[in-house]
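Below is the file entry_33.txt, which contains compact mmCIF, C-alpha atoms.
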# COMPACT_ATOMS: atom_id res chain seq x y z
CA MET A 1 21.78 111.29 37.53
CA LYS A 2 18.74 113.43 38.16
CA LYS A 3 16.69 111.31 35.77
CA LEU A 4 17.74 108.17 37.63
CA ILE A 5 16.83 109.74 40.97
CA ALA A 6 13.43 110.66 39.57
CA LEU A 7 12.96 107.08 38.34
CA ILE A 8 13.71 105.70 41.78
CA LEU A 9 11.36 108.18 43.44
CA ILE A 10 8.58 107.19 41.05
CA ALA A 11 9.13 103.59 42.12
CA LEU A 12 8.93 104.75 45.73
CA MET A 13 5.86 106.96 45.38
CA ALA A 14 3.97 104.65 47.74
CA LEU A 15 6.00 106.30 50.48
CA THR A 16 4.69 109.79 49.76
CA PRO A 17 4.50 112.00 51.78
CA ALA A 18 6.71 110.37 54.38
CA LEU A 19 9.91 109.58 52.52
CA ALA A 20 12.89 109.99 54.79
CA GLU A 21 14.37 113.25 53.58
CA TRP A 22 16.77 115.75 55.03
CA PRO A 23 15.67 119.23 56.10
CA GLU A 24 15.09 121.30 53.00
CA PRO A 25 16.54 124.78 52.52
CA GLU A 26 14.11 127.67 52.49
CA ALA A 27 12.50 128.12 49.11
CA THR A 28 10.76 131.10 47.61
CA THR A 29 8.21 128.98 45.79
CA GLU A 30 6.56 125.65 46.50
CA PRO A 31 6.48 122.93 43.81
CA PRO A 32 3.02 122.03 42.47
CA ILE A 33 1.20 119.39 44.46
CA GLY A 34 2.13 115.94 43.22
CA GLU A 35 5.33 117.09 41.54
CA ILE A 36 8.51 115.47 42.86
CA PRO A 37 11.48 117.84 43.19
CA LEU A 38 14.70 116.47 41.68
CA GLU A 39 17.17 118.46 43.77
CA LEU A 40 18.16 115.90 46.42
CA GLU A 41 21.83 116.67 46.86
CA GLN A 42 21.70 118.40 50.26
CA PRO A 43 24.28 118.19 53.05
CA LEU A 44 23.54 115.77 55.86
CA PRO A 45 23.84 116.64 59.56
CA GLN A 46 27.29 116.07 61.03
CA GLU A 47 26.11 113.95 63.97
CA LEU A 48 23.10 112.09 65.31
CA PRO A 49 21.47 113.20 68.57
CA ASP A 50 20.29 110.79 71.24
CA ARG A 51 16.99 109.17 70.39
CA GLU A 52 14.06 108.23 72.55
CA GLN A 53 13.69 104.87 74.23
CA ALA A 54 12.11 101.96 72.39
CA THR A 55 8.33 101.95 72.10
CA GLY A 56 8.05 98.19 72.51
CA GLU A 57 7.01 97.72 68.89
CA ALA A 58 9.96 97.10 66.63
CA ILE A 59 11.66 95.00 63.98
CA GLU A 60 15.19 93.59 64.42
CA LEU A 61 17.58 93.46 61.46
CA GLU A 62 21.23 92.60 60.94
CA ILE A 63 22.93 95.53 59.23
CA ASP A 64 26.67 95.46 58.49
CA GLY A 65 27.10 92.66 61.03
CA GLU A 66 25.28 94.61 63.75
CA ARG A 67 21.98 93.50 65.26
CA VAL A 68 19.85 96.61 65.15
CA ILE A 69 16.43 97.07 66.74
CA LEU A 70 14.46 99.57 64.69
CA ASP A 71 11.65 101.05 66.74
CA PHE A 72 8.26 101.73 65.23
CA ASP A 73 7.56 105.43 64.69
CA PRO A 74 3.85 105.98 65.43
CA SER A 75 3.75 109.63 64.34
CA ALA A 76 1.35 110.28 61.46
CA GLN A 77 4.17 111.98 59.58
CA TYR A 78 5.82 108.59 59.02
CA SER A 79 3.24 105.88 59.75
CA SER A 80 -0.36 106.03 58.64
CA ILE A 81 -3.40 104.35 57.17
CA ALA A 82 -4.49 106.56 54.29
CA ASN A 83 -5.64 106.38 50.69
CA GLY A 84 -6.10 102.62 50.89
CA GLN A 85 -2.58 101.93 52.16
CA VAL A 86 -0.86 101.07 55.41
CA GLN A 87 2.57 102.68 55.79
CA ALA A 88 4.75 101.57 58.72
CA SER A 89 8.04 103.27 59.55
CA PHE A 90 10.79 101.87 61.78
CA TYR A 91 14.07 103.59 62.57
CA ALA A 92 17.22 103.46 64.69
CA ASN A 93 20.70 104.91 64.98
CA SER A 94 23.79 102.75 64.57
CA ALA A 95 25.77 101.79 67.68
CA ASP A 96 28.42 104.40 66.90
CA ASN A 97 25.75 107.01 66.25
CA THR A 98 27.00 107.81 62.75
CA LYS A 99 24.21 106.22 60.72
CA LEU A 100 20.45 106.41 60.62
CA TYR A 101 18.54 103.32 59.51
CA GLU A 102 14.94 103.64 58.31
CA LEU A 103 12.69 100.83 57.16
CA TYR A 104 9.35 101.38 55.46
CA MET A 105 6.69 98.79 54.69
CA ILE A 106 3.71 99.71 52.52
CA PHE A 107 0.82 97.39 51.82
CA PRO A 108 -2.93 97.68 51.09
CA ASP A 109 -5.24 98.35 54.01
CA THR A 110 -7.46 95.57 52.70
CA ALA A 111 -4.91 93.11 54.12
CA LYS A 112 -6.32 90.35 56.29
CA PRO A 113 -4.75 87.79 58.66
CA GLY A 114 -3.19 84.93 56.73
CA MET A 115 -2.44 87.08 53.70
CA VAL A 116 1.05 87.19 52.14
CA ILE A 117 1.66 90.38 50.17
CA THR A 118 4.19 90.00 47.36
CA PRO A 119 4.94 91.87 44.13
CA ASP A 120 2.94 89.25 42.21
CA TYR A 121 -0.06 89.74 44.51
CA SER A 122 0.12 93.53 44.21
CA SER A 123 0.43 93.31 40.43
CA LEU A 124 -2.68 91.14 40.20
CA THR A 125 -4.74 93.35 42.49
CA SER A 126 -3.29 96.68 41.23
CA GLU A 127 -2.61 97.66 44.84
CA GLU A 128 0.60 99.40 45.91
CA SER A 129 3.15 97.69 48.12
CA SER A 130 6.84 98.33 48.77
CA VAL A 131 9.70 97.68 51.17
CA VAL A 132 12.48 100.24 51.55
CA LEU A 133 15.56 100.47 53.77
CA ILE A 134 17.36 103.82 53.85
CA VAL A 135 20.88 104.03 55.31
CA SER A 136 22.08 107.59 55.94
CA ASP A 137 25.75 108.04 56.83
CA VAL A 138 26.76 111.39 58.36
CA GLN A 139 30.48 110.65 57.96
CA SER A 140 30.42 109.93 54.23
CA GLN A 141 27.47 112.29 53.70
CA GLN A 142 25.72 109.62 51.64
CA GLU A 143 22.29 108.01 51.59
CA THR A 144 21.76 104.50 50.26
CA TYR A 145 18.29 103.30 49.26
CA TYR A 146 17.68 99.56 49.32
CA PHE A 147 14.24 98.82 47.96
CA SER A 148 11.80 96.62 46.14
CA SER A 149 8.62 97.99 44.63
CA LEU A 150 6.45 97.85 41.53
CA MET A 151 6.80 99.79 38.31
CA ASP A 152 4.34 99.23 35.47
CA GLY A 153 3.19 96.00 37.07
CA SER A 154 6.66 94.49 37.45
CA VAL A 155 9.01 94.28 40.39
CA TYR A 156 11.71 96.95 40.43
CA PRO A 157 14.69 96.77 40.65
CA ASP A 158 15.16 93.46 38.83
CA ASN A 159 15.89 90.50 41.12
CA SER A 160 14.43 92.27 44.15
CA ASN A 161 11.51 90.75 46.03
CA TYR A 162 9.51 90.91 49.25
CA ALA A 163 6.87 88.99 51.18
CA ILE A 164 4.88 90.75 53.91
CA THR A 165 3.06 88.08 55.88
CA ILE A 166 0.13 89.32 57.96
CA ASP A 167 -0.49 87.05 60.94
CA ASP A 168 -2.93 89.17 62.91
CA ILE A 169 -4.80 92.48 62.74
CA HIS A 170 -6.40 93.73 65.91
CA GLU A 171 -8.51 96.87 66.22
CA ILE A 172 -9.49 98.45 69.53
CA ASP A 173 -10.34 101.98 70.66
CA GLY A 174 -9.50 103.48 67.28
CA ALA A 175 -6.07 101.86 67.06
CA THR A 176 -5.06 99.06 64.69
CA THR A 177 -2.27 96.62 65.53
CA PHE A 178 -0.60 94.61 62.79
CA SER A 179 1.74 91.69 63.43
CA GLY A 180 3.47 89.33 61.06
CA SER A 181 6.81 88.72 59.42
CA LEU A 182 8.88 90.22 56.62
CA SER A 183 11.18 88.62 54.08
CA ALA A 184 12.81 90.68 51.36
CA THR A 185 15.63 90.99 48.89
CA LEU A 186 16.26 94.72 48.61
CA ILE A 187 18.63 96.19 46.04
CA ALA A 188 20.52 99.47 46.11
CA LEU A 189 21.25 101.06 42.75
CA ASP A 190 24.31 103.04 41.74
CA MET A 191 22.87 106.52 41.34
CA SER A 192 25.14 107.34 38.40
CA THR A 193 24.75 104.14 36.35
CA GLY A 194 21.53 102.51 37.51
CA GLU A 195 23.37 99.24 38.06
CA ALA A 196 22.81 97.12 41.17
CA GLN A 197 25.24 98.34 43.83
CA ASP A 198 24.41 96.22 46.85
CA VAL A 199 21.87 93.68 48.11
CA PHE A 200 20.24 93.55 51.54
CA GLU A 201 18.47 90.40 52.67
CA ILE A 202 15.71 90.16 55.29
CA THR A 203 14.70 86.63 56.23
CA ASP A 204 11.41 85.78 57.97
CA THR A 205 11.73 88.64 60.49
CA PRO A 206 8.83 89.29 62.90
CA PHE A 207 7.27 92.74 63.17
CA ARG A 208 4.54 94.39 65.18
CA PHE A 209 3.19 97.92 65.09
CA THR A 210 0.12 99.94 66.02
CA ILE A 211 -1.35 102.81 64.06
CA GLY A 212 -2.65 104.79 66.99
CA GLU A 213 -5.94 106.23 68.10
CA GLY A 214 -7.34 108.70 65.61
CA GLU A 215 -6.32 106.65 62.57
CA GLU A 216 -9.04 104.94 60.59
CA ARG A 217 -8.76 102.57 57.70
CA HIS A 218 -9.56 104.07 54.29
CA MET A 219 -9.27 107.56 55.77
CA ASP A 220 -6.54 110.18 55.99
CA PRO A 221 -4.59 110.19 59.25
CA MET A 222 -5.48 112.71 61.91
CA PRO A 223 -2.97 115.53 62.23
CA SER A 224 -0.31 115.07 64.87
CA GLU A 225 2.76 116.85 66.13
CA ALA A 226 6.07 116.23 64.42
CA PRO A 227 8.53 113.98 66.29
CA LYS A 228 9.91 115.84 69.29
CA ASN A 229 13.41 114.41 69.02
CA ASP A 230 15.52 116.58 66.74
CA ASP A 231 17.01 113.82 64.63
CA MET A 232 18.11 113.53 61.02
CA ARG A 233 14.61 113.07 59.70
CA LYS A 234 12.60 115.76 57.99
CA THR A 235 10.21 117.57 60.34
Would you mind giving the structure from this file in structure tokens?
Amino acid sequence: MKKLIALILIALMALTPALAEWPEPEATTEPPIGEIPLELEQPLPQELPDREQATGEAIELEIDGERVILDFDPSAQYSSIANGQVQASFYANSADNTKLYELYMIFPDTAKPGMVITPDYSSLTSEESSVVLIVSDVQSQQETYYFSSLMDGSVYPDNSNYAITIDDIHEIDGATTFSGSLSATLIALDMSTGEAQDVFEITDTPFRFTIGEGEERHMDPMPSEAPKNDDMRKT
């Protein structure tokens, strides 16, 4: 199981360092930089606190029959332009406040309006791109990762796919706004067998987000405070 978890994390390395993780227990030693810890089996919080109001930039998905508006998280801990990549994070709680939904999109910061970023495109250009949906359930104490990424130049998991269409990129006063649409077939794997467990479809869904003032393309994000709301996400 640990080997399978490591394999999935390698496929998701484009999300580093902002993978949605739970608060880690205190440790006496820190792992070497660049080394991914394998111990992921940590208890989840028992409930979700109230979250802040929508920022106005969001993506709307249908999850388990519920229309969910996932707000863009502008904090540099989760969304950034760094190391040649754009990482956008959206998140929301379920209506009954028992689940946390997190969506990540990663694509090259060389993207231009009119471009459609797919696994085939990323394989040809050797640029990272990924789409990941994480569903965290505090009642079952389980996390499910739906994702599509690249591994050794091929899409992973098999039969997954994504298309990030960039309609417009607007830069003003140090902030960059991206708008476009997302289509994806994301697959969750059984963590014990590696077999496909579930499929999540996203069809031509509009998105818009702004990497705020202080972020620059091809540069590391400026430091910022961690999110003030004490939610399930790692601070």
Extract, using all atoms listed in the file, all DNA, RNA and protein residues at most 9 Å from Tyr156 of chain A, discarding same-chain residues fewer than 6 positions from it, and format them as an mmCIF file with C-alpha atoms, in the frame of the given file.
data_model
loop_
_atom_site.group_PDB
_atom_site.id
_atom_site.type_symbol
_atom_site.label_atom_id
_atom_site.label_comp_id
_atom_site.auth_asym_id
_atom_site.auth_seq_id
_atom_site.Cartn_x
_atom_site.Cartn_y
_atom_site.Cartn_z
ATOM 1 C CA ALA A 11 9.130 103.590 42.120
ATOM 2 C CA PHE A 147 14.240 98.820 47.960
ATOM 3 C CA SER A 148 11.800 96.620 46.140
ATOM 4 C CA SER A 149 8.620 97.990 44.630
ATOM 5 C CA LEU A 150 6.450 97.850 41.530
ATOM 6 C CA ILE A 187 18.630 96.190 46.040
#
Enclose the full set of atoms of segment 193-210 of chain A listed in the file within a box whose edges lie along x, y and z, apply 4 Å of padding to each of the six sides, and report centre and edge lengths in Å to one decimal as AutoDock Vina command-line options.
--center_x 12.7 --center_y 95.0 --center_z 51.2 --size_x 33.1 --size_y 26.4 --size_z 37.7
- Near segment 107-114 of chain A, counting all atoms listed in the file, which residues have an atom at most 8 Å away, once you skip same-chain residues fewer than 5 positions from it, shown as a ChimeraX atom specification? /A:81,84-87,127-130,165-169,217-218
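Ranking A:Ile211, A:Val68, A:Leu189, A:Val131 by their shortest atom-to-atom distance to Thr176 of chain A, with only C-alpha atoms included, puts A:Ile211 first.
We find atom CA of Phe209 of chain A and atom CA of Ala58 of chain A to be spaced 7.0 Å apart.
Neighbours of Ile117 of chain A closer than or equal to 7 Å, with all atoms listed in the file counted and sequence neighbours fewer than 3 positions away skipped, come out as A:Tyr121, A:Ser122, A:Ala163, A:Ile164, A:Thr165.
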- Task: Identify which of the residues A:Met191, A:Asp71, A:Ala76, A:Asp204 lies closest to Gln142 of chain A, counting only C-alpha atoms when measuring atom-to-atom distances.
- Result: A:Met191
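Atom pair atom CA of Glu195 of chain A / atom CA of Ile69 of chain A: separated by 29.6 Å.
From atom CA of Leu100 of chain A back to atom CA of Gln141 of chain A, the distance works out to 11.5 Å.
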- Task: Pick out the closest residue to Thr177 of chain A from this set: A:Leu124, A:Ala82, A:Arg67, A:Thr210. Count only C-alpha atoms.
- Result: A:Thr210
- Message: My list of candidates is A:Thr205, A:Ser192, A:Ser136, A:Ser179. Which is closest to Leu61 of chain A when distances are computed with all atoms listed in the file?
- Response: A:Thr205
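Among the candidates A:Glu57, A:Tyr146, A:Gln77, A:Ala188, the residue lying nearest to Leu133 of chain A is A:Tyr146 (atoms considered: only C-alpha atoms).
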